[in-house]
Every structure is written in C-alpha cells, then in structure tokens.
$ cat query.cif   # mmCIF, C-alpha atoms; chains and numbers go by the auth columns
data_structure
#
loop_
_atom_site.group_PDB
_atom_site.id
_atom_site.type_symbol
_atom_site.label_atom_id
_atom_site.label_comp_id
_atom_site.label_asym_id
_atom_site.label_seq_id
_atom_site.Cartn_x
_atom_site.Cartn_y
_atom_site.Cartn_z
_atom_site.B_iso_or_equiv
_atom_site.auth_seq_id
_atom_site.auth_asym_id
ATOM 1 C CA MET A 1 75.056 -12.119 -50.751 0.00 252 A
ATOM 2 C CA THR A 2 77.482 -14.896 -49.945 0.00 253 A
ATOM 3 C CA LYS A 3 76.477 -18.126 -48.293 0.00 254 A
ATOM 4 C CA TYR A 4 78.461 -17.124 -45.205 0.00 255 A
ATOM 5 C CA GLY A 5 76.569 -13.825 -44.982 0.00 256 A
ATOM 6 C CA LEU A 6 73.265 -15.633 -45.283 0.00 257 A
ATOM 7 C CA ARG A 7 74.064 -18.026 -42.462 0.00 258 A
ATOM 8 C CA THR A 8 75.172 -15.135 -40.296 0.00 259 A
ATOM 9 C CA ARG A 9 71.976 -13.239 -41.044 0.00 260 A
ATOM 10 C CA VAL A 10 69.756 -16.196 -40.225 0.00 261 A
ATOM 11 C CA SER A 11 71.682 -16.836 -37.011 0.00 262 A
ATOM 12 C CA VAL A 12 71.381 -13.208 -35.909 0.00 263 A
ATOM 13 C CA LEU A 13 67.654 -13.099 -36.707 0.00 264 A
ATOM 14 C CA THR A 14 67.206 -16.245 -34.619 0.00 265 A
ATOM 15 C CA ILE A 15 69.368 -15.318 -31.630 0.00 266 A
ATOM 16 C CA ALA A 16 68.769 -11.572 -31.339 0.00 267 A
ATOM 17 C CA PRO A 17 65.061 -11.759 -30.327 0.00 268 A
ATOM 18 C CA THR A 18 65.882 -14.324 -27.647 0.00 269 A
ATOM 19 C CA LEU A 19 68.640 -12.177 -26.182 0.00 270 A
ATOM 20 C CA ILE A 20 66.645 -8.934 -26.322 0.00 271 A
ATOM 21 C CA VAL A 21 63.527 -10.419 -24.740 0.00 272 A
ATOM 22 C CA GLY A 22 65.619 -12.273 -22.164 0.00 273 A
ATOM 23 C CA LEU A 23 67.529 -9.142 -21.138 0.00 274 A
ATOM 24 C CA LEU A 24 64.366 -7.048 -20.892 0.00 275 A
ATOM 25 C CA LEU A 25 62.591 -9.667 -18.801 0.00 276 A
ATOM 26 C CA SER A 26 65.650 -10.126 -16.582 0.00 277 A
ATOM 27 C CA ALA A 27 65.943 -6.383 -15.967 0.00 278 A
ATOM 28 C CA PHE A 28 62.229 -6.096 -15.190 0.00 279 A
ATOM 29 C CA PHE A 29 62.049 -9.020 -12.785 0.00 280 A
ATOM 30 C CA THR A 30 65.339 -8.100 -11.073 0.00 281 A
ATOM 31 C CA SER A 31 64.120 -4.545 -10.471 0.00 282 A
ATOM 32 C CA THR A 32 60.742 -5.777 -9.262 0.00 283 A
ATOM 33 C CA ARG A 33 62.375 -8.305 -6.960 0.00 284 A
ATOM 34 C CA TYR A 34 64.629 -5.626 -5.441 0.00 285 A
ATOM 35 C CA GLN A 35 61.633 -3.401 -4.737 0.00 286 A
ATOM 36 C CA ASP A 36 59.829 -6.344 -3.149 0.00 287 A
ATOM 37 C CA LEU A 37 62.832 -7.132 -0.933 0.00 288 A
ATOM 38 C CA GLU A 38 63.131 -3.477 0.115 0.00 289 A
ATOM 39 C CA GLN A 39 59.416 -3.296 0.863 0.00 290 A
ATOM 40 C CA GLN A 40 59.653 -6.512 2.862 0.00 291 A
ATOM 41 C CA LEU A 41 62.528 -5.067 4.899 0.00 292 A
ATOM 42 C CA THR A 42 60.482 -1.911 5.529 0.00 293 A
ATOM 43 C CA VAL A 43 57.527 -3.965 6.757 0.00 294 A
ATOM 44 C CA THR A 44 59.832 -6.016 8.989 0.00 295 A
ATOM 45 C CA GLY A 45 61.382 -2.839 10.393 0.00 296 A
ATOM 46 C CA SER A 46 57.935 -1.377 11.076 0.00 297 A
ATOM 47 C CA ALA A 47 56.954 -4.539 12.934 0.00 298 A
ATOM 48 C CA ILE A 48 60.024 -4.057 15.154 0.00 299 A
ATOM 49 C CA ILE A 49 60.025 -0.318 15.783 0.00 300 A
ATOM 50 C CA GLU A 50 56.323 0.246 16.488 0.00 301 A
ATOM 51 C CA PRO A 51 56.130 -2.169 19.456 0.00 302 A
ATOM 52 C CA LEU A 52 59.424 -0.715 20.721 0.00 303 A
ATOM 53 C CA ALA A 53 57.924 2.769 20.612 0.00 304 A
ATOM 54 C CA ILE A 54 54.996 1.627 22.733 0.00 305 A
ATOM 55 C CA ALA A 55 57.202 -0.298 25.163 0.00 306 A
ATOM 56 C CA SER A 56 59.571 2.681 25.570 0.00 307 A
ATOM 57 C CA GLU A 57 56.820 5.004 26.777 0.00 308 A
ATOM 58 C CA VAL A 58 57.143 4.200 30.479 0.00 309 A
ATOM 59 C CA GLY A 59 60.940 4.225 30.516 0.00 310 A
ATOM 60 C CA LEU A 60 61.145 7.559 28.697 0.00 311 A
ATOM 61 C CA LYS A 61 58.444 9.116 30.870 0.00 312 A
ATOM 62 C CA ASN A 62 60.170 7.985 34.077 0.00 313 A
ATOM 63 C CA ASP A 63 63.662 8.794 32.780 0.00 314 A
ATOM 64 C CA SER A 64 64.652 5.135 33.176 0.00 315 A
ATOM 65 C CA ARG A 65 67.527 4.934 30.734 0.00 316 A
ATOM 66 C CA GLU A 66 68.668 1.473 31.761 0.00 317 A
ATOM 67 C CA ASN A 67 65.267 -0.117 31.134 0.00 318 A
ATOM 68 C CA VAL A 68 64.984 1.448 27.693 0.00 319 A
ATOM 69 C CA ARG A 69 68.593 0.540 26.876 0.00 320 A
ATOM 70 C CA ARG A 70 67.976 -3.106 27.738 0.00 321 A
ATOM 71 C CA LEU A 71 64.806 -3.069 25.658 0.00 322 A
ATOM 72 C CA ILE A 72 66.351 -1.707 22.475 0.00 323 A
ATOM 73 C CA GLY A 73 69.555 -3.705 23.036 0.00 324 A
ATOM 74 C CA PHE A 74 67.584 -6.934 23.126 0.00 325 A
ATOM 75 C CA ALA A 75 65.705 -5.973 19.936 0.00 326 A
ATOM 76 C CA HIS A 76 68.998 -5.099 18.243 0.00 327 A
ATOM 77 C CA ARG A 77 70.559 -8.455 19.117 0.00 328 A
ATOM 78 C CA GLN A 78 67.489 -10.365 17.981 0.00 329 A
ATOM 79 C CA HIS A 79 67.588 -8.724 14.546 0.00 330 A
ATOM 80 C CA SER A 80 71.284 -7.968 14.192 0.00 331 A
ATOM 81 C CA GLN A 81 71.384 -9.420 10.660 0.00 332 A
ATOM 82 C CA PHE A 82 69.853 -6.230 9.289 0.00 333 A
ATOM 83 C CA VAL A 83 69.544 -3.782 12.227 0.00 334 A
ATOM 84 C CA ARG A 84 72.595 -1.540 12.535 0.00 335 A
ATOM 85 C CA SER A 85 71.499 0.695 15.370 0.00 336 A
ATOM 86 C CA ILE A 86 68.485 1.762 17.447 0.00 337 A
ATOM 87 C CA ALA A 87 68.281 5.072 19.293 0.00 338 A
ATOM 88 C CA VAL A 88 65.694 6.835 21.442 0.00 339 A
ATOM 89 C CA PHE A 89 65.452 10.632 21.502 0.00 340 A
ATOM 90 C CA ASP A 90 63.451 12.789 23.904 0.00 341 A
ATOM 91 C CA ARG A 91 61.049 15.588 22.983 0.00 342 A
ATOM 92 C CA ARG A 92 63.962 18.054 22.823 0.00 343 A
ATOM 93 C CA ASN A 93 65.550 15.893 20.099 0.00 344 A
ATOM 94 C CA GLU A 94 68.368 14.919 22.438 0.00 345 A
ATOM 95 C CA LEU A 95 69.744 11.376 22.584 0.00 346 A
ATOM 96 C CA PHE A 96 68.226 9.378 25.432 0.00 347 A
ATOM 97 C CA VAL A 97 69.795 5.945 24.844 0.00 348 A
ATOM 98 C CA THR A 98 71.186 3.968 21.943 0.00 349 A
ATOM 99 C CA SER A 99 71.995 0.344 21.261 0.00 350 A
ATOM 100 C CA ASN A 100 75.220 1.161 19.403 0.00 351 A
ATOM 101 C CA TYR A 101 77.435 4.122 20.249 0.00 352 A
ATOM 102 C CA HIS A 102 79.868 3.306 17.461 0.00 353 A
ATOM 103 C CA ARG A 103 77.498 4.257 14.675 0.00 354 A
ATOM 104 C CA ASN A 104 76.883 7.701 13.223 0.00 355 A
ATOM 105 C CA LEU A 105 73.874 8.757 15.266 0.00 356 A
ATOM 106 C CA ALA A 106 73.469 12.075 13.461 0.00 357 A
ATOM 107 C CA MET A 107 71.608 10.391 10.614 0.00 358 A
ATOM 108 C CA LEU A 108 69.149 8.848 13.054 0.00 359 A
ATOM 109 C CA SER A 109 68.047 12.099 14.646 0.00 360 A
ATOM 110 C CA VAL A 110 65.609 14.566 13.133 0.00 361 A
ATOM 111 C CA ASP A 111 67.257 17.620 11.592 0.00 362 A
ATOM 112 C CA SER A 112 67.637 20.558 13.930 0.00 363 A
ATOM 113 C CA GLY A 113 64.590 22.814 13.836 0.00 364 A
ATOM 114 C CA GLN A 114 62.316 20.090 12.493 0.00 365 A
ATOM 115 C CA PRO A 115 59.435 18.779 14.616 0.00 366 A
ATOM 116 C CA ILE A 116 59.669 15.275 15.988 0.00 367 A
ATOM 117 C CA PRO A 117 57.681 12.739 13.955 0.00 368 A
ATOM 118 C CA THR A 118 54.036 12.180 14.782 0.00 369 A
ATOM 119 C CA GLN A 119 53.784 8.998 12.708 0.00 370 A
ATOM 120 C CA LEU A 120 56.056 6.381 11.246 0.00 371 A
ATOM 121 C CA GLN A 121 58.622 7.884 8.867 0.00 372 A
ATOM 122 C CA VAL A 122 60.756 5.939 6.401 0.00 373 A
ATOM 123 C CA SER A 123 63.717 7.410 4.524 0.00 374 A
ATOM 124 C CA GLN A 124 66.599 5.922 2.541 0.00 375 A
ATOM 125 C CA GLN A 125 70.221 7.075 2.550 0.00 376 A
ATOM 126 C CA GLN A 126 72.472 5.131 0.169 0.00 377 A
ATOM 127 C CA ASP A 127 72.581 1.570 1.543 0.00 378 A
ATOM 128 C CA THR A 128 70.705 2.460 4.731 0.00 379 A
ATOM 129 C CA LEU A 129 67.013 2.581 5.584 0.00 380 A
ATOM 130 C CA ILE A 130 66.020 4.908 8.441 0.00 381 A
ATOM 131 C CA LEU A 131 62.746 4.385 10.321 0.00 382 A
ATOM 132 C CA ARG A 132 61.430 6.804 12.950 0.00 383 A
ATOM 133 C CA ALA A 133 58.358 6.312 15.103 0.00 384 A
ATOM 134 C CA PRO A 134 56.930 8.630 17.781 0.00 385 A
ATOM 135 C CA ILE A 135 56.816 7.643 21.418 0.00 386 A
ATOM 136 C CA LEU A 136 53.479 8.872 22.678 0.00 387 A
ATOM 137 C CA GLU A 137 52.089 9.256 26.157 0.00 388 A
ATOM 138 C CA ILE A 138 48.669 7.844 25.507 0.00 389 A
ATOM 139 C CA GLY A 139 47.189 8.165 28.988 0.00 390 A
ATOM 140 C CA ARG A 140 47.409 4.625 30.238 0.00 391 A
ATOM 141 C CA PHE A 141 49.746 5.718 33.011 0.00 392 A
ATOM 142 C CA THR A 142 48.612 9.336 33.243 0.00 393 A
ATOM 143 C CA PRO A 143 45.055 9.679 34.599 0.00 394 A
ATOM 144 C CA GLY A 144 43.094 12.486 33.008 0.00 395 A
ATOM 145 C CA LEU A 145 45.216 12.677 29.864 0.00 396 A
ATOM 146 C CA ASN A 146 42.775 12.673 26.963 0.00 397 A
ATOM 147 C CA VAL A 147 45.180 13.352 24.106 0.00 398 A
ATOM 148 C CA GLU A 148 48.295 11.608 22.915 0.00 399 A
ATOM 149 C CA ARG A 149 51.282 13.691 23.955 0.00 400 A
ATOM 150 C CA PRO A 150 54.688 13.096 22.309 0.00 401 A
ATOM 151 C CA LEU A 151 57.470 12.150 24.684 0.00 402 A
ATOM 152 C CA GLY A 152 60.084 11.688 21.961 0.00 403 A
ATOM 153 C CA TYR A 153 60.745 9.233 19.186 0.00 404 A
ATOM 154 C CA ILE A 154 62.666 6.084 18.399 0.00 405 A
ATOM 155 C CA ALA A 155 64.853 5.700 15.303 0.00 406 A
ATOM 156 C CA MET A 156 66.239 2.551 13.727 0.00 407 A
ATOM 157 C CA GLU A 157 68.879 2.076 11.048 0.00 408 A
ATOM 158 C CA LEU A 158 68.454 -0.915 8.749 0.00 409 A
ATOM 159 C CA ASP A 159 71.164 -2.309 6.494 0.00 410 A
ATOM 160 C CA LEU A 160 70.213 -2.603 2.820 0.00 411 A
ATOM 161 C CA SER A 161 73.432 -4.374 1.804 0.00 412 A
ATOM 162 C CA SER A 162 71.828 -7.795 2.274 0.00 413 A
ATOM 163 C CA VAL A 163 68.999 -6.743 -0.045 0.00 414 A
ATOM 164 C CA ARG A 164 71.483 -5.493 -2.634 0.00 415 A
ATOM 165 C CA LEU A 165 73.451 -8.737 -2.345 0.00 416 A
ATOM 166 C CA LYS A 166 70.330 -10.731 -3.139 0.00 417 A
ATOM 167 C CA GLN A 167 69.660 -8.396 -6.061 0.00 418 A
ATOM 168 C CA TYR A 168 73.159 -9.005 -7.455 0.00 419 A
ATOM 169 C CA GLN A 169 72.787 -12.752 -6.992 0.00 420 A
ATOM 170 C CA GLU A 170 69.486 -12.759 -8.859 0.00 421 A
ATOM 171 C CA MET A 171 70.944 -10.509 -11.559 0.00 422 A
ATOM 172 C CA ILE A 172 73.826 -12.934 -12.106 0.00 423 A
ATOM 173 C CA THR A 173 71.393 -15.855 -12.206 0.00 424 A
ATOM 174 C CA ALA A 174 69.259 -14.016 -14.764 0.00 425 A
ATOM 175 C CA LEU A 175 72.291 -13.235 -16.937 0.00 426 A
ATOM 176 C CA VAL A 176 73.384 -16.873 -16.822 0.00 427 A
ATOM 177 C CA MET A 177 69.914 -17.971 -17.897 0.00 428 A
ATOM 178 C CA VAL A 178 69.937 -15.435 -20.758 0.00 429 A
ATOM 179 C CA ALA A 179 73.371 -16.667 -21.850 0.00 430 A
ATOM 180 C CA LEU A 180 72.181 -20.273 -21.814 0.00 431 A
ATOM 181 C CA GLY A 181 69.115 -19.258 -23.810 0.00 432 A
ATOM 182 C CA GLY A 182 71.357 -17.521 -26.343 0.00 433 A
ATOM 183 C CA ILE A 183 73.587 -20.593 -26.644 0.00 434 A
ATOM 184 C CA LEU A 184 70.583 -22.860 -27.174 0.00 435 A
ATOM 185 C CA SER A 185 69.141 -20.471 -29.749 0.00 436 A
ATOM 186 C CA CYS A 186 72.489 -20.424 -31.562 0.00 437 A
ATOM 187 C CA PHE A 187 72.629 -24.217 -31.542 0.00 438 A
ATOM 188 C CA PHE A 188 69.106 -24.598 -32.940 0.00 439 A
ATOM 189 C CA ALA A 189 69.790 -21.896 -35.510 0.00 440 A
ATOM 190 C CA ILE A 190 72.856 -23.731 -36.754 0.00 441 A
ATOM 191 C CA VAL A 191 71.273 -27.179 -36.928 0.00 442 A
ATOM 192 C CA SER A 192 68.120 -25.831 -38.582 0.00 443 A
ATOM 193 C CA LEU A 193 69.934 -23.948 -41.359 0.00 444 A
ATOM 194 C CA PRO A 194 69.745 -25.576 -44.809 0.00 445 A
ATOM 195 C CA ASP A 195 72.826 -27.163 -46.247 0.00 446 A
ATOM 196 C CA ARG A 196 75.131 -24.879 -48.228 0.00 447 A
ATOM 197 C CA ASP A 197 74.773 -27.153 -51.252 0.00 448 A
ATOM 198 C CA SER A 198 70.995 -26.557 -51.521 0.00 449 A
ATOM 199 C CA PRO A 199 70.754 -24.109 -54.478 0.00 450 A
ATOM 200 C CA ASN A 200 66.987 -23.589 -54.363 0.00 451 A
ATOM 201 C CA ILE A 201 66.986 -22.358 -50.771 0.00 452 A
ATOM 202 C CA TRP A 202 69.934 -20.039 -51.272 0.00 453 A
ATOM 203 C CA ALA A 203 68.487 -18.683 -54.461 0.00 454 A
ATOM 204 C CA THR A 204 65.419 -17.364 -52.651 0.00 455 A
ATOM 205 C CA TRP A 205 67.647 -14.887 -50.756 0.00 456 A
#

$ encode --input "query.cif" --output "structure tokens"
Amino acid sequence: MTKYGLRTRVSVLTIAPTLIVGLLLSAFFTSTRYQDLEQQLTVTGSAIIEPLAIASEVGLKNDSRENVRRLIGFAHRQHSQFVRSIAVFDRRNELFVTSNYHRNLAMLSVDSGQPIPTQLQVSQQQDTLILRAPILEIGRFTPGLNVERPLGYIAMELDLSSVRLKQYQEMITALVMVALGGILSCFFAIVSLPDRDSPNIWATW
C-alpha cells in the first residue's frame, strides 16, 4: 500500500462515519419536524373549523346565507396565510355558501352517495389538507329536540405549501451543517495524520 493510499484510507475512515451519521440524523429530524408542522396545522385548522360549525348552525337552519357568508369570510381573512377556502354544505350535500368561488369546490364536498360527516374528518390531497366538520342542530334553538340532528357540514381547505417550504428550509440547513461537519472532520483527519517520513507508523499498515 502506498503512502498516498494510506492517507486516503485514514481520511475516509475518519470522514465517512461523520457524514453517514449526520445524514441519517438530518433525515430523521427533518421528517419528524415535517410531521410536527403538519400536525400543528391540523390542530390549528380544527380550532378554526369547529367553532365555525357551531356558529353556522343558526344561519344554516334559518337559511340565512348572508350571515353565514360573513362568518366564514371573516374567518378566511383572519387566517388567509394558510386557509385557501371555506365552504358550507347543507344536508343534501349542496353548496350553501363559500368564502372563495374561485377555488375548486369539488374537493371540499363529500363524494356523491356518501353520508355527510358526523365528526371531524381530515384528509390530505397533494399539497392540500381538507377538514370537514358537521353542523348539528343540538336543540338550543329547537325546543323538544333531544338528539343532535345534522343540518349539513362545513369544509375548509388548508395550504400545506408553507409547511413544505419550512421543511425544505430545514433540510437545506441540515445539509449545510452536515457539509460543515464533513469539512471539519476532513481538516482534523489531515492534521492528525502522521508525517509521511515516519517509517514506524507506516510500517504497521
């Protein structure tokens, strides 16, 4: 084995573990962080849509489209950084009102023939998160009603692009840190190698 081959071998044995461990840790923490961000967005969306479902009960029951439109329009404007659209559907799965007519509302509605949701539903379509919550007539404004009767449901489309952007930013940061770790490992490997003129050290290889 030549002296050049020995130095290369020592350098690789020093740098490779750092790079492998760094890449594995970066991939793990980036994936975990993305899941945390997505879960956080889901929790935020739930905190928005569930009160809206309760507040929309009276307007949907009384066929007051303007009141419900103002309600969901205000919620949309308040959270426009990640809310793409909010729509309310009646018990026949027909559109009642929406906060954004320029979006594809077909993805917000329940598939034809499927029952309207009876509890919060969360589904993901590419870079979009869809939340649906039932609007129930719970008897506060209907004397004698002892059971919760569905009046319709409210659906909300959340944008996942901001979450993916943060994931890419953290991925780039992790790769930069791994690269810096590799450079430092290479530097320490070079300065810690014995001199080429040391015959005893080279002879042991």

$ closest_residue --input "query.cif" --among "A:Val339, A:Ile266, A:Ile386, A:Gly403" --to "A:Pro366" --atoms "all atoms listed in the file"
A:Gly403

$ residues_around --input "query.cif" --residues "A:Ala304" --least-positions-apart "2" --cutoff "8 Å" --atoms "only C-alpha atoms" --output "ChimeraX atom specification"
/A:300-302,306-308,384-387,404-405

$ atom_distance --input "query.cif" --atom1 "atom CA of A:Met407" --atom2 "atom CA of A:Pro368"
13.3 Å

$ residues_around --input "query.cif" --residues "stretch 319-335 of chain A" --least-positions-apart "2" --cutoff "9 Å" --atoms "all atoms listed in the file" --output "number ranges by chain"
A: 292, 296, 299, 303, 306-311, 315-317, 337-339, 347-351, 354, 379, 407-413

$ atom_distance --input "query.cif" --atom1 "atom CA of A:Leu276" --atom2 "atom CA of A:Val429"
9.5 Å

$ atom_distance --input "query.cif" --atom1 "atom CA of A:Ser363" --atom2 "atom CA of A:Ile381"
16.7 Å

$ resolve_selection --input "query.cif" --expression "the PyMOL selection byres ((chain A and resi 432-434) around 9)" --output "mmCIF file with C-alpha atoms, in the coordinates of the input"
data_model
loop_
_atom_site.group_PDB
_atom_site.id
_atom_site.type_symbol
_atom_site.label_atom_id
_atom_site.label_comp_id
_atom_site.auth_asym_id
_atom_site.auth_seq_id
_atom_site.Cartn_x
_atom_site.Cartn_y
_atom_site.Cartn_z
ATOM 1 C CA ILE A 266 69.368 -15.318 -31.630
ATOM 2 C CA ALA A 267 68.769 -11.572 -31.339
ATOM 3 C CA THR A 269 65.882 -14.324 -27.647
ATOM 4 C CA LEU A 270 68.640 -12.177 -26.182
ATOM 5 C CA GLY A 273 65.619 -12.273 -22.164
ATOM 6 C CA VAL A 427 73.384 -16.873 -16.822
ATOM 7 C CA MET A 428 69.914 -17.971 -17.897
ATOM 8 C CA VAL A 429 69.937 -15.435 -20.758
ATOM 9 C CA ALA A 430 73.371 -16.667 -21.850
ATOM 10 C CA LEU A 431 72.181 -20.273 -21.814
ATOM 11 C CA LEU A 435 70.583 -22.860 -27.174
ATOM 12 C CA SER A 436 69.141 -20.471 -29.749
ATOM 13 C CA CYS A 437 72.489 -20.424 -31.562
ATOM 14 C CA PHE A 438 72.629 -24.217 -31.542
ATOM 15 C CA PHE A 439 69.106 -24.598 -32.940
#
